[in-house]
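Asks: Pasting a structure here, questions to come.
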Amino acid sequence: MQQRPFTVGISPGDGLIARFGDVIVYALGADEPVAQLLAAVDAAARVQYPGAGLPEFLAPIAYGAALGVKFGVVAPTADGNLILLAGSVSAEIRTRSGERRLSGVDGQRFVTEAVPELALSIGIRDANRPGQQARPNTDLRAGIVPGGGFAIVHAEAVVEPPRHMETVATVPIPTEQETVAALRTPVETALSAPAVSVLSTKDGATYPLDRPYVIGRAPLSDEAVSNALASPIVVEYDPYISRVHAYVTVNRDGVFVRDAGTAAGTFIAELGAEEWTQVGTTPTRLDPGSTLRIGDWVVTHLVGGAR
């Protein structure tokens, strides 16, 4: 289903609102659990219809590292949207068929609702602050901002196709400039080209090197992430890893890594090297086959994603 244009208005409050592509999330809780949850949502948003498998994808984080975080997510599916709520978070859904409300406290785990049509509006907010409205003239395009909820409002005007024409599903194919400059993962379609190279962990997690990254225990606190200039990589608690530990940048000359001035340091090793080399705050090249280590967290630069 082709998505109509929509705006994401932000309500005042104490939580965080994040937009990863067309996936919008509101979360409230302690800093590090919220960071873990948002990183998981960011990863889930990298497919064409992230709503399809979102509950299964988020469950290990939501009931593990992010246990106790209350949140609400709206994610597109093939025929509409999926709403997922956990904790004291409410949703207000307005469609052409009417209005209805949901609460995250109604289920033992997640509360999910499939909206099989493009809703006119979907509001997600802290259930303890009813009546909170989105600020006028706000529209989150990408990144993370403070707030107590959000309201997705689709364009009211819909142009009906001529009756003799057949409507087919279409998906946007991002330009090279969009994939490099914006914090928005390209839509995965049969025509999409695979990432040229990735950072890969030993357990199979991959991070496409088509954007810059901020790595640490709480990278969401870095201005590059909050301003949608970089994606976060959240590393589970490690006493040797700082909240913001290292930066990875990508340009025409290659992939570069630099330390954020941490006490424990950031290290790289070329393919076949027997010792680690510590990098400083000046960008250092990370060649294909080379490995990056931060505390006990290790990733390898792989070309084309091949192991």
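As shown in the structure tokens, the chain order sets the letters A, B, ...; within each chain, residues go from 1, and ligands are also counted from 1 in the order they appear.
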Would you mind listing what lies within 8 Å of stretch 15-25 of chain A as a PyMOL selection string, with only C-alpha atoms counted and same-chain residues fewer than 6 positions away left out?

Replies: chain A and resi 38+41-42+45+50+71-76+140-150+183-185

Asks: Might you pull out every residue within 12 Å of A:Arg252, with only C-alpha atoms counted and same-chain residues fewer than 4 positions away left off, and present them as a PDB file with N, CA and C atoms, in the first residue's frame?

Replies:
```
ATOM      1  N   VAL A 180      22.777   8.687   2.164  1.00  0.00           N
ATOM      2  CA  VAL A 180      23.992   9.127   2.839  1.00  0.00           C
ATOM      3  C   VAL A 180      23.695  10.232   3.828  1.00  0.00           C
ATOM      4  N   LEU A 209      27.337   0.213   6.186  1.00  0.00           N
ATOM      5  CA  LEU A 209      28.218   1.377   6.192  1.00  0.00           C
ATOM      6  C   LEU A 209      27.803   2.359   5.101  1.00  0.00           C
ATOM      7  N   ASP A 210      26.547   2.781   5.189  1.00  0.00           N
ATOM      8  CA  ASP A 210      26.036   3.815   4.305  1.00  0.00           C
ATOM      9  C   ASP A 210      25.672   5.067   5.086  1.00  0.00           C
ATOM     10  N   ARG A 211      26.178   5.137   6.338  1.00  0.00           N
ATOM     11  CA  ARG A 211      25.860   6.259   7.224  1.00  0.00           C
ATOM     12  C   ARG A 211      26.887   6.310   8.352  1.00  0.00           C
ATOM     13  N   PHE A 256      36.164   5.334   8.580  1.00  0.00           N
ATOM     14  CA  PHE A 256      37.088   5.851   9.579  1.00  0.00           C
ATOM     15  C   PHE A 256      36.472   5.735  10.970  1.00  0.00           C
ATOM     16  N   ARG A 285      41.653   5.160   9.551  1.00  0.00           N
ATOM     17  CA  ARG A 285      41.015   4.307   8.558  1.00  0.00           C
ATOM     18  C   ARG A 285      40.774   2.902   9.100  1.00  0.00           C
TER      19      ARG A 285
END
```

Asks: Counting only C-alpha atoms, figure out which residue out of A:Ala62, A:Ala246, A:Ala86, A:Ala119 gets nearest to A:Arg100.

Replies: A:Ala119

Asks: Go ahead and compute the interatomic distance for atom CA of A:Val115 and atom CA of A:Arg94, in Å to one decimal.

Replies: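 Atom-to-atom, atom CA of A:Val115 and atom CA of A:Arg94 are spaced 10.0 Å apart.
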
Asks: Quick one: of A:Ala263, A:Leu292, A:Ile10, A:Leu54, who's nearest to A:Val248, counting only C-alpha atoms?

Replies: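 Closest candidate: A:Leu292.
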
Asks: Measuring between only C-alpha atoms, which one of A:Asp139, A:Glu274, A:Asp253, A:Glu223 shows the shortest distance to A:His154?

Replies: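 Smallest separation from A:His154 among the options: A:Asp139.
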
Asks: If you run DSSP on this backbone, which residues of stretch 5-244 of chain A come out as helix (DSSP H, G or I), and could you give them as an NGL selection string?

Replies: :A and (31-44 or 50-62 or 104-106 or 176-181 or 219-221 or 223-226)

Asks: Keeping only N, CA and C atoms, take the residues you just selected and write them out as a short mmCIF file (atom, residue, chain, number, x, y, z; two decimals), in the first residue's frame.

Replies:
```cif
data_model
loop_
_atom_site.label_atom_id
_atom_site.label_comp_id
_atom_site.auth_asym_id
_atom_site.auth_seq_id
_atom_site.Cartn_x
_atom_site.Cartn_y
_atom_site.Cartn_z
N ASP A 31 17.48 6.11 31.14
CA ASP A 31 18.21 6.43 29.91
C ASP A 31 18.69 5.19 29.16
N GLU A 32 19.41 4.30 29.82
CA GLU A 32 20.01 3.18 29.11
C GLU A 32 18.99 2.18 28.60
N PRO A 33 17.96 1.79 29.39
CA PRO A 33 16.94 0.90 28.83
C PRO A 33 16.21 1.52 27.64
N VAL A 34 15.92 2.83 27.70
CA VAL A 34 15.28 3.49 26.58
C VAL A 34 16.20 3.46 25.36
N ALA A 35 17.49 3.68 25.58
CA ALA A 35 18.45 3.63 24.47
C ALA A 35 18.46 2.26 23.82
N GLN A 36 18.40 1.20 24.62
CA GLN A 36 18.36 -0.16 24.09
C GLN A 36 17.11 -0.37 23.25
N LEU A 37 15.99 0.11 23.75
CA LEU A 37 14.74 -0.06 23.01
C LEU A 37 14.76 0.70 21.69
N LEU A 38 15.21 1.95 21.71
CA LEU A 38 15.23 2.74 20.49
C LEU A 38 16.18 2.16 19.46
N ALA A 39 17.30 1.61 19.91
CA ALA A 39 18.22 0.96 18.97
C ALA A 39 17.56 -0.25 18.32
N ALA A 40 16.76 -0.99 19.09
CA ALA A 40 16.05 -2.15 18.54
C ALA A 40 15.00 -1.72 17.52
N VAL A 41 14.28 -0.63 17.82
CA VAL A 41 13.28 -0.13 16.88
C VAL A 41 13.97 0.35 15.60
N ASP A 42 15.10 1.01 15.74
CA ASP A 42 15.87 1.46 14.58
C ASP A 42 16.24 0.27 13.70
N ALA A 43 16.69 -0.82 14.32
CA ALA A 43 17.05 -2.02 13.56
C ALA A 43 15.82 -2.63 12.89
N ALA A 44 14.70 -2.65 13.60
CA ALA A 44 13.47 -3.24 13.05
C ALA A 44 12.95 -2.44 11.86
N PRO A 50 7.99 -2.96 8.37
CA PRO A 50 8.49 -3.36 9.70
C PRO A 50 7.41 -3.79 10.67
N GLY A 51 6.16 -3.36 10.46
CA GLY A 51 5.11 -3.73 11.39
C GLY A 51 4.80 -5.21 11.41
N ALA A 52 5.11 -5.92 10.32
CA ALA A 52 4.74 -7.33 10.19
C ALA A 52 5.32 -8.19 11.30
N GLY A 53 6.60 -8.03 11.62
CA GLY A 53 7.22 -8.86 12.64
C GLY A 53 7.70 -8.10 13.85
N LEU A 54 7.14 -6.89 14.06
CA LEU A 54 7.65 -6.02 15.12
C LEU A 54 7.49 -6.61 16.52
N PRO A 55 6.35 -7.19 16.91
CA PRO A 55 6.24 -7.73 18.28
C PRO A 55 7.30 -8.78 18.59
N GLU A 56 7.51 -9.71 17.65
CA GLU A 56 8.51 -10.75 17.87
C GLU A 56 9.91 -10.17 17.92
N PHE A 57 10.18 -9.14 17.10
CA PHE A 57 11.51 -8.54 17.05
C PHE A 57 11.82 -7.80 18.35
N LEU A 58 10.83 -7.09 18.91
CA LEU A 58 11.09 -6.26 20.08
C LEU A 58 10.99 -7.01 21.40
N ALA A 59 10.31 -8.16 21.41
CA ALA A 59 10.07 -8.86 22.68
C ALA A 59 11.34 -9.13 23.49
N PRO A 60 12.44 -9.63 22.89
CA PRO A 60 13.64 -9.91 23.70
C PRO A 60 14.21 -8.68 24.38
N ILE A 61 14.09 -7.50 23.73
CA ILE A 61 14.60 -6.27 24.33
C ILE A 61 13.60 -5.71 25.33
N ALA A 62 12.33 -5.67 24.94
CA ALA A 62 11.30 -5.07 25.80
C ALA A 62 11.15 -5.81 27.12
N GLY A 104 -2.04 0.37 26.79
CA GLY A 104 -1.00 -0.63 26.96
C GLY A 104 -1.12 -1.44 28.22
N VAL A 105 -1.94 -1.01 29.16
CA VAL A 105 -2.10 -1.76 30.42
C VAL A 105 -3.15 -2.85 30.30
N ASP A 106 -3.78 -2.97 29.14
CA ASP A 106 -4.84 -3.96 28.97
C ASP A 106 -4.31 -5.35 28.69
N GLU A 176 20.83 8.18 -3.83
CA GLU A 176 22.10 8.03 -3.12
C GLU A 176 22.28 9.14 -2.10
N GLN A 177 21.84 10.37 -2.44
CA GLN A 177 21.99 11.48 -1.50
C GLN A 177 21.15 11.25 -0.25
N GLU A 178 19.96 10.70 -0.41
CA GLU A 178 19.10 10.46 0.75
C GLU A 178 19.69 9.41 1.68
N THR A 179 20.26 8.36 1.12
CA THR A 179 20.78 7.30 1.97
C THR A 179 22.03 7.73 2.72
N VAL A 180 22.78 8.69 2.16
CA VAL A 180 23.99 9.13 2.84
C VAL A 180 23.69 10.23 3.83
N ALA A 181 22.79 11.17 3.45
CA ALA A 181 22.61 12.36 4.26
C ALA A 181 21.58 12.23 5.36
N PRO A 219 24.47 6.20 23.24
CA PRO A 219 24.81 7.11 22.14
C PRO A 219 23.72 8.10 21.79
N LEU A 220 22.49 7.87 22.30
CA LEU A 220 21.41 8.81 22.01
C LEU A 220 21.66 10.18 22.62
N SER A 221 22.57 10.24 23.59
CA SER A 221 22.88 11.52 24.22
C SER A 221 23.78 12.39 23.35
N GLU A 223 24.89 14.68 20.22
CA GLU A 223 24.15 15.61 19.38
C GLU A 223 24.00 15.12 17.95
N ALA A 224 24.98 14.37 17.44
CA ALA A 224 24.88 13.87 16.07
C ALA A 224 23.68 12.94 15.90
N VAL A 225 23.37 12.14 16.94
CA VAL A 225 22.22 11.25 16.89
C VAL A 225 20.92 12.04 17.07
N SER A 226 20.88 12.91 18.07
CA SER A 226 19.65 13.67 18.34
C SER A 226 19.31 14.60 17.20
#
```

Asks: Just checking: using only C-alpha atoms, which residue out of A:Leu67, A:Leu102, A:Leu82, A:Val235 ends up closest to A:Pro116?

Replies: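 Closest to A:Pro116 of all the choices is A:Leu82.
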